[in-house]
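Shown below: start_34.txt, with compact mmCIF, C-alpha atoms.
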```txt
# COMPACT_ATOMS: atom_id res chain seq x y z
CA MET A 287 -16.45 147.44 75.90
CA PHE A 288 -16.33 143.69 75.91
CA THR A 289 -14.66 142.13 72.94
CA LEU A 290 -16.15 139.19 71.14
CA PRO A 291 -15.07 137.89 67.75
CA ASP A 292 -17.11 139.40 64.87
CA ILE A 293 -18.79 136.09 64.14
CA ALA A 294 -20.08 135.75 67.71
CA SER A 295 -21.27 139.32 68.30
CA GLY A 296 -22.66 139.59 64.76
CA LEU A 297 -24.68 136.39 64.98
CA LEU A 298 -25.86 137.15 68.53
CA CYS A 299 -26.95 140.75 67.94
CA GLY A 300 -28.40 139.87 64.53
CA ALA A 301 -30.40 136.90 65.83
CA LEU A 302 -31.90 138.96 68.65
CA PHE A 303 -32.64 141.81 66.21
CA GLY A 304 -34.41 139.47 63.76
CA TYR A 305 -36.29 137.69 66.56
CA VAL A 306 -37.65 140.97 67.95
CA LEU A 307 -38.51 142.41 64.51
CA GLU A 308 -40.53 139.33 63.53
CA ASN A 309 -42.35 139.25 66.87
CA ALA A 310 -43.20 142.93 66.44
CA GLY A 311 -44.91 142.01 63.15
CA PHE A 312 -42.30 143.71 61.01
CA GLY A 313 -41.99 140.87 58.51
CA SER A 314 -45.42 141.86 57.15
CA PRO A 315 -45.50 144.58 54.46
CA CYS A 316 -49.19 145.10 55.22
CA LYS A 317 -48.46 145.91 58.87
CA LEU A 318 -45.38 147.98 58.04
CA THR A 319 -47.08 150.19 55.45
CA ALA A 320 -50.19 150.58 57.64
CA GLN A 321 -48.05 153.06 59.58
CA PHE A 322 -48.06 155.36 56.56
CA ARG A 323 -51.83 154.93 56.21
CA LEU A 324 -51.98 155.85 59.93
CA THR A 325 -54.13 152.81 60.75
CA ASP A 326 -51.42 150.88 62.67
CA TRP A 327 -48.80 152.83 64.60
CA SER A 328 -46.57 149.90 65.55
CA VAL A 329 -43.60 151.18 63.52
CA PHE A 330 -43.60 154.58 65.26
CA LYS A 331 -44.16 153.02 68.69
CA VAL A 332 -41.50 150.34 68.40
CA MET A 333 -38.87 152.63 66.86
CA PHE A 334 -39.51 155.46 69.27
CA THR A 335 -39.40 153.20 72.31
CA ALA A 336 -36.24 151.45 71.11
CA ILE A 337 -34.46 154.74 70.39
CA VAL A 338 -35.39 156.12 73.83
CA VAL A 339 -34.25 152.96 75.67
CA ALA A 340 -30.95 152.77 73.78
CA ALA A 341 -30.32 156.53 74.01
CA VAL A 342 -30.90 156.61 77.78
CA GLY A 343 -28.69 153.52 78.15
CA LEU A 344 -25.86 155.04 76.10
CA THR A 345 -26.11 158.35 77.97
CA ALA A 346 -25.87 156.45 81.27
CA LEU A 347 -22.95 154.30 80.08
CA THR A 348 -20.96 157.33 78.91
CA ALA A 349 -21.88 159.41 81.98
CA THR A 350 -20.61 156.68 84.32
CA GLY A 351 -17.46 156.16 82.27
CA ALA A 352 -18.37 152.57 81.34
CA MET A 353 -18.03 153.70 77.71
CA THR A 354 -16.15 156.70 76.36
CA ALA A 355 -17.62 158.97 73.72
CA ASP A 356 -14.91 158.04 71.21
CA GLN A 357 -15.86 154.35 71.47
CA LEU A 358 -19.28 155.23 70.13
CA TYR A 359 -19.89 155.55 66.41
CA VAL A 360 -21.90 158.72 65.71
CA PRO A 361 -22.93 159.37 62.08
CA ALA A 362 -21.36 162.47 60.51
CA ALA A 363 -23.76 165.39 60.06
CA PHE A 364 -24.14 165.26 56.27
CA LEU A 365 -27.69 166.50 56.63
CA GLY A 366 -28.40 166.88 52.90
CA ALA A 367 -27.28 163.32 52.25
CA ALA A 368 -29.38 162.09 55.19
CA ALA A 369 -32.47 163.90 53.84
CA ILE A 370 -32.04 162.49 50.30
CA GLY A 371 -31.45 158.99 51.63
CA GLY A 372 -34.35 159.20 54.10
CA ALA A 373 -36.70 160.41 51.35
CA LEU A 374 -35.75 157.56 48.99
CA VAL A 375 -35.87 154.85 51.68
CA GLY A 376 -39.25 156.25 52.82
CA ALA A 377 -40.60 156.20 49.26
CA GLY A 378 -39.20 152.70 48.76
CA PHE A 379 -40.87 151.56 51.98
CA ALA A 380 -44.26 152.98 50.96
CA ILE A 381 -44.30 151.43 47.49
CA GLY A 382 -42.24 148.28 48.13
CA GLY A 383 -43.59 147.41 51.57
CA TYR A 384 -40.30 147.04 53.42
CA CYS A 385 -37.14 148.77 54.49
CA PRO A 386 -33.83 146.97 53.92
CA GLY A 387 -33.69 145.27 57.35
CA THR A 388 -37.33 144.23 57.49
CA SER A 389 -37.12 142.77 53.98
CA VAL A 390 -34.78 140.12 55.43
CA VAL A 391 -37.41 139.29 58.06
CA GLY A 392 -40.17 139.22 55.41
CA LEU A 393 -38.02 136.92 53.29
CA VAL A 394 -37.45 134.35 56.05
CA SER A 395 -41.14 134.36 57.00
CA GLY A 396 -41.87 133.07 53.49
CA ARG A 397 -42.65 136.22 51.52
CA ILE A 398 -41.63 136.10 47.86
CA ASP A 399 -42.27 139.83 47.45
CA ALA A 400 -39.53 140.40 50.06
CA VAL A 401 -37.10 138.40 47.89
CA VAL A 402 -37.98 140.72 44.99
CA PHE A 403 -37.52 143.80 47.21
CA PHE A 404 -34.14 142.43 48.30
CA ILE A 405 -33.07 141.96 44.66
CA GLY A 406 -34.19 145.58 44.14
CA LEU A 407 -31.83 146.65 46.93
CA LEU A 408 -28.91 145.08 45.07
CA LEU A 409 -29.97 146.71 41.78
CA GLY A 410 -30.32 150.14 43.43
CA THR A 411 -26.89 149.75 44.98
CA GLY A 412 -25.48 148.79 41.59
CA VAL A 413 -27.04 151.85 39.94
CA PHE A 414 -25.58 154.07 42.68
CA ALA A 415 -22.13 152.50 42.29
CA GLY A 416 -22.32 152.91 38.51
CA GLY A 417 -23.05 156.61 38.82
CA PHE A 418 -20.77 157.20 41.80
CA GLY A 419 -18.59 159.67 39.92
CA ALA A 420 -21.51 162.06 39.58
CA LEU A 421 -23.23 161.08 42.84
CA GLU A 422 -20.29 161.28 45.22
CA ALA A 423 -21.00 164.94 45.99
CA TRP A 424 -24.50 163.95 47.21
CA THR A 425 -23.05 161.72 49.93
CA SER A 426 -21.39 164.66 51.70
CA SER A 427 -24.01 167.30 50.95
CA GLY A 428 -25.38 169.66 53.55
CA GLU A 429 -22.60 169.12 56.05
CA LEU A 430 -23.05 170.74 59.44
CA THR A 431 -19.56 171.39 60.76
CA SER A 432 -20.48 172.76 64.18
CA ALA A 433 -22.02 169.60 65.67
CA ASP A 434 -22.78 165.94 64.98
CA THR A 435 -25.31 165.43 67.77
CA LEU A 436 -28.40 167.20 69.04
CA PRO A 437 -26.96 167.95 72.53
CA ALA A 438 -23.82 169.44 70.92
CA LEU A 439 -25.90 171.58 68.57
CA LEU A 440 -28.17 172.88 71.35
CA HIS A 441 -25.39 173.08 73.98
CA VAL A 442 -27.45 171.07 76.45
CA SER A 443 -26.86 167.88 78.43
CA PRO A 444 -27.79 164.66 76.62
CA TRP A 445 -30.12 163.96 79.56
CA ILE A 446 -32.25 166.95 78.50
CA VAL A 447 -32.54 165.55 74.96
CA ASP A 448 -33.34 162.08 76.37
CA ALA A 449 -36.08 163.58 78.55
CA ALA A 450 -37.53 165.44 75.56
CA MET A 451 -37.58 162.18 73.58
CA VAL A 452 -39.38 160.37 76.41
CA ALA A 453 -42.00 163.13 76.34
CA ALA A 454 -42.24 162.85 72.54
CA ALA A 455 -42.66 159.07 72.84
CA VAL A 456 -45.52 159.49 75.33
CA PHE A 457 -47.16 161.94 72.91
CA VAL A 458 -46.75 159.49 70.00
CA PHE A 459 -48.41 156.68 72.01
CA TRP A 460 -51.31 159.01 72.89
CA LEU A 461 -51.69 160.16 69.27
CA ALA A 462 -51.45 156.56 68.04
CA ALA A 463 -54.26 155.46 70.34
CA ARG A 464 -56.52 158.18 68.95
CA PHE A 465 -55.84 157.22 65.32
CA GLU A 466 -56.02 153.46 65.91
CA ARG A 467 -59.43 153.79 67.61
CA ARG A 468 -60.87 155.43 64.49
CA GLY A 469 -59.97 152.62 62.07
CA ALA A 470 -60.01 148.84 62.23
CA GLY A 471 -57.06 148.87 64.62
CA PRO A 472 -53.58 147.40 64.23
CA VAL A 473 -52.97 144.55 61.77
CA THR A 474 -53.16 141.28 63.73
CA ALA A 475 -50.86 138.29 63.30
CA GLU A 476 -53.70 136.32 61.64
CA GLN A 477 -54.30 139.12 59.13
CA ALA A 478 -50.58 139.47 58.47
CA VAL A 479 -50.11 135.72 57.85
CA ALA A 480 -53.17 135.65 55.58
CA GLY A 481 -51.54 138.40 53.52
CA ALA A 482 -52.67 141.87 52.53
CA ASP A 483 -56.12 141.61 50.96
CA GLY A 484 -56.77 145.20 50.03
CA THR A 485 -59.49 145.79 52.61
CA SER A 486 -57.67 148.76 54.01
CA ALA A 487 -57.61 150.27 50.52
CA THR A 488 -61.38 150.39 50.45
CA SER A 489 -61.79 151.35 54.08
CA PRO A 490 -63.93 154.47 54.28
CA SER A 491 -62.31 155.46 57.53
CA SER A 492 -59.08 156.91 56.27
CA PRO A 493 -57.96 158.76 59.38
CA LEU A 494 -56.75 161.82 57.49
CA SER A 495 -60.17 162.42 55.98
CA ILE A 496 -61.83 162.62 59.37
CA THR A 497 -61.82 166.08 60.84
CA SER A 498 -63.43 165.49 64.22
CA PRO A 499 -62.26 162.75 66.54
CA MET B 107 -58.66 108.91 63.27
CA HIS B 108 -56.87 112.17 63.34
CA THR B 109 -57.61 115.28 61.39
CA PRO B 110 -54.82 115.98 58.90
CA SER B 111 -56.76 118.93 57.54
CA ALA B 112 -56.17 121.10 60.60
CA PRO B 113 -55.35 124.47 59.08
CA LEU B 114 -51.68 125.41 59.06
CA HIS B 115 -52.32 128.72 60.70
CA HIS B 116 -54.75 127.62 63.38
CA ALA B 117 -52.07 128.29 65.99
CA VAL B 118 -50.89 131.71 64.82
CA LYS B 119 -49.58 133.49 67.89
CA PRO B 120 -50.26 137.21 68.23
CA PHE B 121 -47.53 139.81 67.77
CA TRP B 122 -45.92 141.33 70.84
CA SER B 123 -47.32 144.62 72.03
CA PRO B 124 -45.39 147.50 70.44
CA TRP B 125 -43.96 148.82 73.69
CA VAL B 126 -42.64 145.38 74.72
CA ALA B 127 -41.07 144.95 71.27
CA GLY B 128 -39.72 148.51 71.49
CA VAL B 129 -38.09 148.03 74.90
CA LEU B 130 -36.51 144.73 73.82
CA LEU B 131 -35.31 146.23 70.52
CA GLY B 132 -33.77 149.10 72.49
CA LEU B 133 -31.95 146.64 74.76
CA VAL B 134 -30.67 144.65 71.76
CA LEU B 135 -29.44 147.89 70.20
CA LEU B 136 -27.75 148.87 73.45
CA LEU B 137 -26.08 145.44 73.71
CA THR B 138 -24.80 145.87 70.13
CA PHE B 139 -23.24 149.23 71.01
CA VAL B 140 -21.61 147.76 74.12
CA LEU B 141 -20.18 144.83 72.19
CA THR B 142 -19.11 146.63 69.01
CA GLY B 143 -19.23 150.41 69.49
CA HIS B 144 -21.74 150.73 66.66
CA GLY B 145 -25.39 149.86 66.12
CA LEU B 146 -27.43 147.48 63.96
CA GLY B 147 -27.69 147.67 60.18
CA ALA B 148 -28.70 146.06 56.90
CA THR B 149 -27.48 147.87 53.78
CA GLY B 150 -23.83 147.52 54.77
CA PHE B 151 -24.44 143.88 53.88
CA THR B 152 -26.42 144.43 50.67
CA THR B 153 -23.69 146.79 49.45
CA ARG B 154 -21.04 144.15 50.12
CA LEU B 155 -23.21 141.49 48.46
CA THR B 156 -23.60 143.73 45.39
CA ALA B 157 -19.80 144.00 45.25
CA ALA B 158 -19.37 140.23 45.66
CA LEU B 159 -21.87 139.50 42.87
CA GLY B 160 -20.54 142.27 40.63
CA GLY B 161 -17.27 140.50 39.80
CA GLY B 162 -14.70 142.42 37.79
CA ALA B 163 -16.99 145.37 37.21
CA ALA B 164 -17.37 145.84 40.98
CA ARG B 165 -13.65 145.38 41.57
CA SER B 166 -12.82 148.26 39.25
CA ASN B 167 -15.71 150.43 40.45
CA ALA B 168 -14.79 153.55 42.41
CA TYR B 169 -17.44 152.91 45.09
CA LEU B 170 -17.41 149.10 45.41
CA GLY B 171 -13.74 148.49 44.60
CA PRO B 172 -12.36 149.49 48.02
CA LEU B 173 -14.52 146.75 49.61
CA PHE B 174 -12.15 144.17 48.04
CA GLU B 175 -9.10 145.54 49.86
CA ASP B 176 -9.38 143.04 52.72
CA GLY B 177 -10.15 140.08 50.47
CA SER B 178 -13.81 139.17 50.06
CA PRO B 179 -16.21 142.11 50.44
CA LEU B 180 -18.43 139.81 52.51
CA ALA B 181 -15.79 139.30 55.21
CA SER B 182 -17.33 141.75 57.66
CA TRP B 183 -19.25 141.95 60.93
CA ILE B 184 -22.41 143.09 59.12
CA THR B 185 -22.53 139.81 57.12
CA TRP B 186 -22.74 137.79 60.34
CA GLN B 187 -25.31 140.20 61.72
CA VAL B 188 -27.61 139.82 58.70
CA ILE B 189 -27.24 136.02 58.79
CA GLY B 190 -28.27 136.34 62.44
CA VAL B 191 -31.31 138.46 61.52
CA ALA B 192 -32.39 135.80 59.03
CA ALA B 193 -31.96 133.02 61.60
CA GLY B 194 -33.70 134.94 64.40
CA GLY B 195 -36.58 136.01 62.14
CA LEU B 196 -37.05 132.49 60.79
CA PHE B 197 -37.03 131.01 64.30
CA ALA B 198 -39.60 133.55 65.53
CA ALA B 199 -41.91 133.10 62.53
CA TRP B 200 -41.71 129.30 62.64
CA ARG B 201 -42.27 129.06 66.39
CA ALA B 202 -45.28 131.36 66.29
CA GLY B 203 -46.96 129.67 63.31
CA ARG B 204 -46.37 132.76 61.19
CA PHE B 205 -44.23 131.19 58.47
CA ARG B 206 -46.15 131.06 55.20
CA VAL B 207 -44.87 131.08 51.63
CA GLN B 208 -46.85 133.73 49.80
CA LEU B 209 -46.66 136.73 47.50
CA ASP B 210 -47.89 139.19 50.09
CA GLY B 211 -49.89 142.04 48.61
CA ALA B 212 -50.77 140.20 45.40
CA ARG B 213 -54.40 139.88 46.50
CA SER B 214 -54.67 143.60 47.08
CA ILE B 215 -53.07 145.00 43.92
CA GLY B 216 -52.40 142.00 41.64
CA THR B 217 -49.32 139.84 41.10
CA SER B 218 -47.50 141.79 38.40
CA LYS B 219 -48.06 145.15 40.07
CA ARG B 220 -46.92 143.81 43.43
CA LEU B 221 -43.74 142.36 41.91
CA MET B 222 -42.99 145.57 40.03
CA TRP B 223 -43.51 147.84 43.06
CA ALA B 224 -41.48 145.55 45.30
CA LEU B 225 -38.57 145.74 42.84
CA VAL B 226 -38.87 149.52 42.34
CA GLY B 227 -39.22 150.09 46.08
CA GLY B 228 -36.20 147.94 46.80
CA ALA B 229 -34.15 149.78 44.18
CA ALA B 230 -35.14 153.21 45.56
CA SER B 231 -34.20 152.03 49.06
CA GLY B 232 -30.90 150.52 47.98
CA PHE B 233 -29.93 153.65 46.06
CA GLY B 234 -31.09 156.03 48.80
CA ALA B 235 -29.30 154.18 51.57
CA ARG B 236 -26.01 154.62 49.70
CA VAL B 237 -26.50 158.38 49.45
CA SER B 238 -27.06 158.59 53.23
CA ALA B 239 -24.58 155.80 54.08
CA GLY B 240 -27.25 153.99 56.08
CA CYS B 241 -30.87 152.84 56.10
CA THR B 242 -33.70 152.84 58.64
CA SER B 243 -31.71 150.54 60.93
CA GLY B 244 -28.14 151.64 60.35
CA LEU B 245 -28.68 155.39 60.27
CA GLY B 246 -32.21 156.03 61.56
CA LEU B 247 -32.43 153.69 64.56
CA SER B 248 -28.76 153.34 65.50
CA GLY B 249 -27.85 156.96 64.79
CA ALA B 250 -30.80 158.32 66.77
CA ALA B 251 -29.71 156.24 69.78
CA THR B 252 -26.46 158.26 69.75
CA LEU B 253 -28.56 161.45 69.35
CA GLY B 254 -26.95 161.98 65.92
CA LEU B 255 -28.38 164.87 63.89
CA ALA B 256 -28.13 163.01 60.59
CA ALA B 257 -30.36 160.25 62.04
CA PHE B 258 -33.13 162.66 63.02
CA VAL B 259 -33.01 164.32 59.57
CA PHE B 260 -33.11 160.86 57.95
CA LEU B 261 -36.13 159.75 60.03
CA GLY B 262 -37.98 163.02 59.40
CA ALA B 263 -37.52 162.73 55.63
CA PHE B 264 -38.30 158.98 55.77
CA PHE B 265 -41.68 159.43 57.46
CA ALA B 266 -42.68 162.60 55.59
CA VAL B 267 -41.99 161.15 52.14
CA GLY B 268 -43.42 157.75 53.14
CA LEU B 269 -46.69 159.34 54.24
CA VAL B 270 -47.04 161.32 51.01
CA THR B 271 -45.95 158.45 48.74
CA SER B 272 -48.40 155.98 50.28
CA ARG B 273 -51.20 158.36 49.38
CA ILE B 274 -50.09 158.51 45.73
CA VAL B 275 -48.98 154.93 45.01
CA LYS B 276 -50.84 151.89 46.32
CA GLY B 277 -47.92 149.50 46.64
CA VAL B 278 -49.39 147.02 49.12
CA GLN B 279 -52.35 147.31 51.44
```
In structure tokens, what does this structure look like?
Amino acid sequence: MFTLPDIASGLLCGALFGYVLENAGFGSPCKLTAQFRLTDWSVFKVMFTAIVVAAVGLTALTATGAMTADQLYVPAAFLGAAAIGGALVGAGFAIGGYCPGTSVVGLVSGRIDAVVFFIGLLLGTGVFAGGFGALEAWTSSGELTSADTLPALLHVSPWIVDAAMVAAAVFVFWLAARFERRGAGPVTAEQAVAGADGTSATSPSSPLSITSP
Amino acid sequence: MHTPSAPLHHAVKPFWSPWVAGVLLGLVLLLTFVLTGHGLGATGFTTRLTAALGGGAARSNAYLGPLFEDGSPLASWITWQVIGVAAGGLFAAWRAGRFRVQLDGARSIGTSKRLMWALVGGAASGFGARVSAGCTSGLGLSGAATLGLAAFVFLGAFFAVGLVTSRIVKGVQ
């Protein structure tokens, strides 16, 4: 690993992260939540592609010895905690329009609702901290002690898992194209800047209600 | 004579195609791992900001208190990263003609409803991300890049509950 001072690597990685997120359209709550209405699959596509690229890169870097496995932070397998957190962040995304990171991008592209969402983040954190005595057990719930990663659990090479994720990503892009053709298509930059106008709420072509393609 | 009434958003540039954005996001994530050993995040910062704003109550709190051990809770890599996200996002939006002050979603569900759901959604996210010690970026995206099991469970629950919730509550359209 190269070593840069925190201020330099933080600002650099953060600025690139924010620049890509905004250009992907992820400052717009309309575009973000359209993923859950299945009319715009950008969130799935971007996340899946990014995970595959980074996973293949990390597998290559550790396989060649450029990085060692202990230099890499892998989240502990508290699977119950991950499920509770994922459920609440998913619900918050659907009703609030953002996830924590994208709310920062929404905020700097001028969205007042993102400021309110961000204040909500602080309030939710405060509530959690206030009840930490009772909630602490949640944060380590459902621990899997045998493995932290998918290759370790399945006893296969990480390359196998990477290959499976590439195949899954190709499937997601194919599925996305089918769904996006049925509706009005992905939210454009003009629509996103104009702000959500509720047209997708009244759209008769909710993809889930259509049985034949 | 020039035309001062040219609409602000006449030069709105289109978003990148999802696969281009995805490849670049993957490379940024990879660079972050190479430079720091960990991935990108967001709620590490909001947790530290909650502690910084919480004053004495935060200092004596069992969860937030330890963040004061090294001085200010904000003295951390994640603070610089989130400042970077804000700068990078602002630069991208401004350059592409996509900066616009607005209450997005107010036209679809009304101002008070939009404000209420944004606050409730933010609170649910902030609370949930503390249970899982990470959000969509910090646990979902970064953890999945390391093939971490917790990340896949997080993302599965995130999308399943998001899909169901968006069918029950119309938060923004």
- [ ] Measuring atom to atom with all atoms listed in the file, identify which of A:Asn309, A:Thr348, A:Ser389, A:Ser426 is nearest to Trp125 (chain B).
- [x]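 Ranking A:Asn309, A:Thr348, A:Ser389, A:Ser426 by distance to Trp125 (chain B), first place goes to A:Asn309.
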Task: Option closest in space to Gln477 (chain A), from B:Lys276, B:Thr185, B:Arg204, B:Leu209 [counting only C-alpha atoms] - done: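 Once distances to Gln477 (chain A) are computed over only C-alpha atoms, the minimum belongs to B:Arg204.
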Task: Separation of CA of Phe404 (chain A) from CA of Gly161 (chain B), in Å and rounded to one decimal - done: 19.0 Å
Task: Non-local contacts of Ser328 (chain A) (12 Å; all atoms listed in the file; under 3 positions in same chain excluded) as a PyMOL selection string - done: (chain A and resi 307+309-312+314+316-325+331-336+458-459+462-463+465-466+471-474) or (chain B and resi 121-128)
Open item on the list: Measuring between only C-alpha atoms, which one of A:Gly376, A:Gly406, A:Gly396, A:Gly412 shows the shortest distance to Gly195 (chain B)?
Closed with: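 Using only C-alpha atoms, the shortest distance to Gly195 (chain B) belongs to A:Gly396.
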- [ ] Rank nothing, just name the residue among B:Gly234, B:Asp176, B:Gly240, B:Val270 nearest to chain A, using all atoms listed in the file.
- [x] B:Gly234
TODO: In Å, rounded to a single decimal, give me how far CA of Gln357 (chain A) is from CA of Leu436 (chain A).
DONE: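 One can read the CA of Leu436 (chain A) to CA of Gln357 (chain A) distance as 18.1 Å.
In this model, the gap between CA of Gly190 (chain B) and CA of Cys241 (chain B) comes to 17.9 Å.
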TODO: Using only C-alpha atoms, pick whichever of A:Gly378, A:Pro444, A:Gly469, A:Gly417 has the shortest atom-to-atom distance to Leu225 (chain B).
DONE: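 Looking at the shortest contact to Leu225 (chain B), the residue is A:Gly378.
Excluding Gly481 (chain A) itself and same-chain residues fewer than 6 positions from it, the residues having an atom within 10 Å of it are A:Ser314, A:Pro315, A:Cys316, A:Lys317, A:Arg397, A:Ala475, B:Arg206, B:Gln208, B:Leu209, B:Asp210, B:Gly211, B:Ala212, B:Arg213, B:Ser214, B:Val278, B:Gln279, counting only C-alpha atoms.
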Residues within 9 Å of Ser248 (chain B), all atoms listed in the file, excluding chain neighbours under 2 positions, as an mmCIF file with C-alpha atoms, keeping the file's coordinate frame:
```
data_model
loop_
_atom_site.group_PDB
_atom_site.id
_atom_site.type_symbol
_atom_site.label_atom_id
_atom_site.label_comp_id
_atom_site.auth_asym_id
_atom_site.auth_seq_id
_atom_site.Cartn_x
_atom_site.Cartn_y
_atom_site.Cartn_z
ATOM 1 C CA ILE A 337 -34.460 154.740 70.390
ATOM 2 C CA ALA A 340 -30.950 152.770 73.780
ATOM 3 C CA VAL A 360 -21.900 158.720 65.710
ATOM 4 C CA LEU B 135 -29.440 147.890 70.200
ATOM 5 C CA PHE B 139 -23.240 149.230 71.010
ATOM 6 C CA HIS B 144 -21.740 150.730 66.660
ATOM 7 C CA GLY B 145 -25.390 149.860 66.120
ATOM 8 C CA LEU B 146 -27.430 147.480 63.960
ATOM 9 C CA GLY B 147 -27.690 147.670 60.180
ATOM 10 C CA THR B 242 -33.700 152.840 58.640
ATOM 11 C CA SER B 243 -31.710 150.540 60.930
ATOM 12 C CA GLY B 244 -28.140 151.640 60.350
ATOM 13 C CA LEU B 245 -28.680 155.390 60.270
ATOM 14 C CA GLY B 246 -32.210 156.030 61.560
ATOM 15 C CA ALA B 250 -30.800 158.320 66.770
ATOM 16 C CA ALA B 251 -29.710 156.240 69.780
ATOM 17 C CA THR B 252 -26.460 158.260 69.750
ATOM 18 C CA LEU B 253 -28.560 161.450 69.350
ATOM 19 C CA GLY B 254 -26.950 161.980 65.920
ATOM 20 C CA ALA B 257 -30.360 160.250 62.040
#
```
Task: Top pick for closest residue to Gly392 (chain A), considering A:Gly300, A:Arg467, A:Gly313, A:Asp483 and counting all atoms listed in the file - done: A:Gly313
TODO: Using all atoms listed in the file, determine which residues lie at most 8 Å from Val375 (chain A), disregarding the query and same-chain residues fewer than 4 positions distant; provide the list as a count of residues only.
DONE: 11
Task: Near-Leu170 (chain B) list (7 Å; only C-alpha atoms; drop same-chain fewer than 4 positions) as a PyMOL selection string - done: (chain A and resi 415) or (chain B and resi 157+164-165)
Taking (-37.6, 136.7, 61.9) in the coordinates of the supplied file, I want to know which residues reach to within 9 Å of it, counting all atoms listed in the file; could you give the answer as a CSV table (one decimal) with C-alpha atoms, in the frame of the given file?
```csv
chain,number,residue,atom,x,y,z
A,301,ALA,CA,-30.4,136.9,65.8
A,303,PHE,CA,-32.6,141.8,66.2
A,304,GLY,CA,-34.4,139.5,63.8
A,305,TYR,CA,-36.3,137.7,66.6
A,306,VAL,CA,-37.6,141.0,68.0
A,307,LEU,CA,-38.5,142.4,64.5
A,308,GLU,CA,-40.5,139.3,63.5
A,309,ASN,CA,-42.4,139.2,66.9
A,312,PHE,CA,-42.3,143.7,61.0
A,313,GLY,CA,-42.0,140.9,58.5
A,388,THR,CA,-37.3,144.2,57.5
A,390,VAL,CA,-34.8,140.1,55.4
A,391,VAL,CA,-37.4,139.3,58.1
A,392,GLY,CA,-40.2,139.2,55.4
A,393,LEU,CA,-38.0,136.9,53.3
A,394,VAL,CA,-37.4,134.4,56.0
A,395,SER,CA,-41.1,134.4,57.0
B,191,VAL,CA,-31.3,138.5,61.5
B,192,ALA,CA,-32.4,135.8,59.0
B,193,ALA,CA,-32.0,133.0,61.6
B,194,GLY,CA,-33.7,134.9,64.4
B,195,GLY,CA,-36.6,136.0,62.1
B,196,LEU,CA,-37.0,132.5,60.8
B,197,PHE,CA,-37.0,131.0,64.3
B,198,ALA,CA,-39.6,133.6,65.5
B,199,ALA,CA,-41.9,133.1,62.5
B,200,TRP,CA,-41.7,129.3,62.6
```
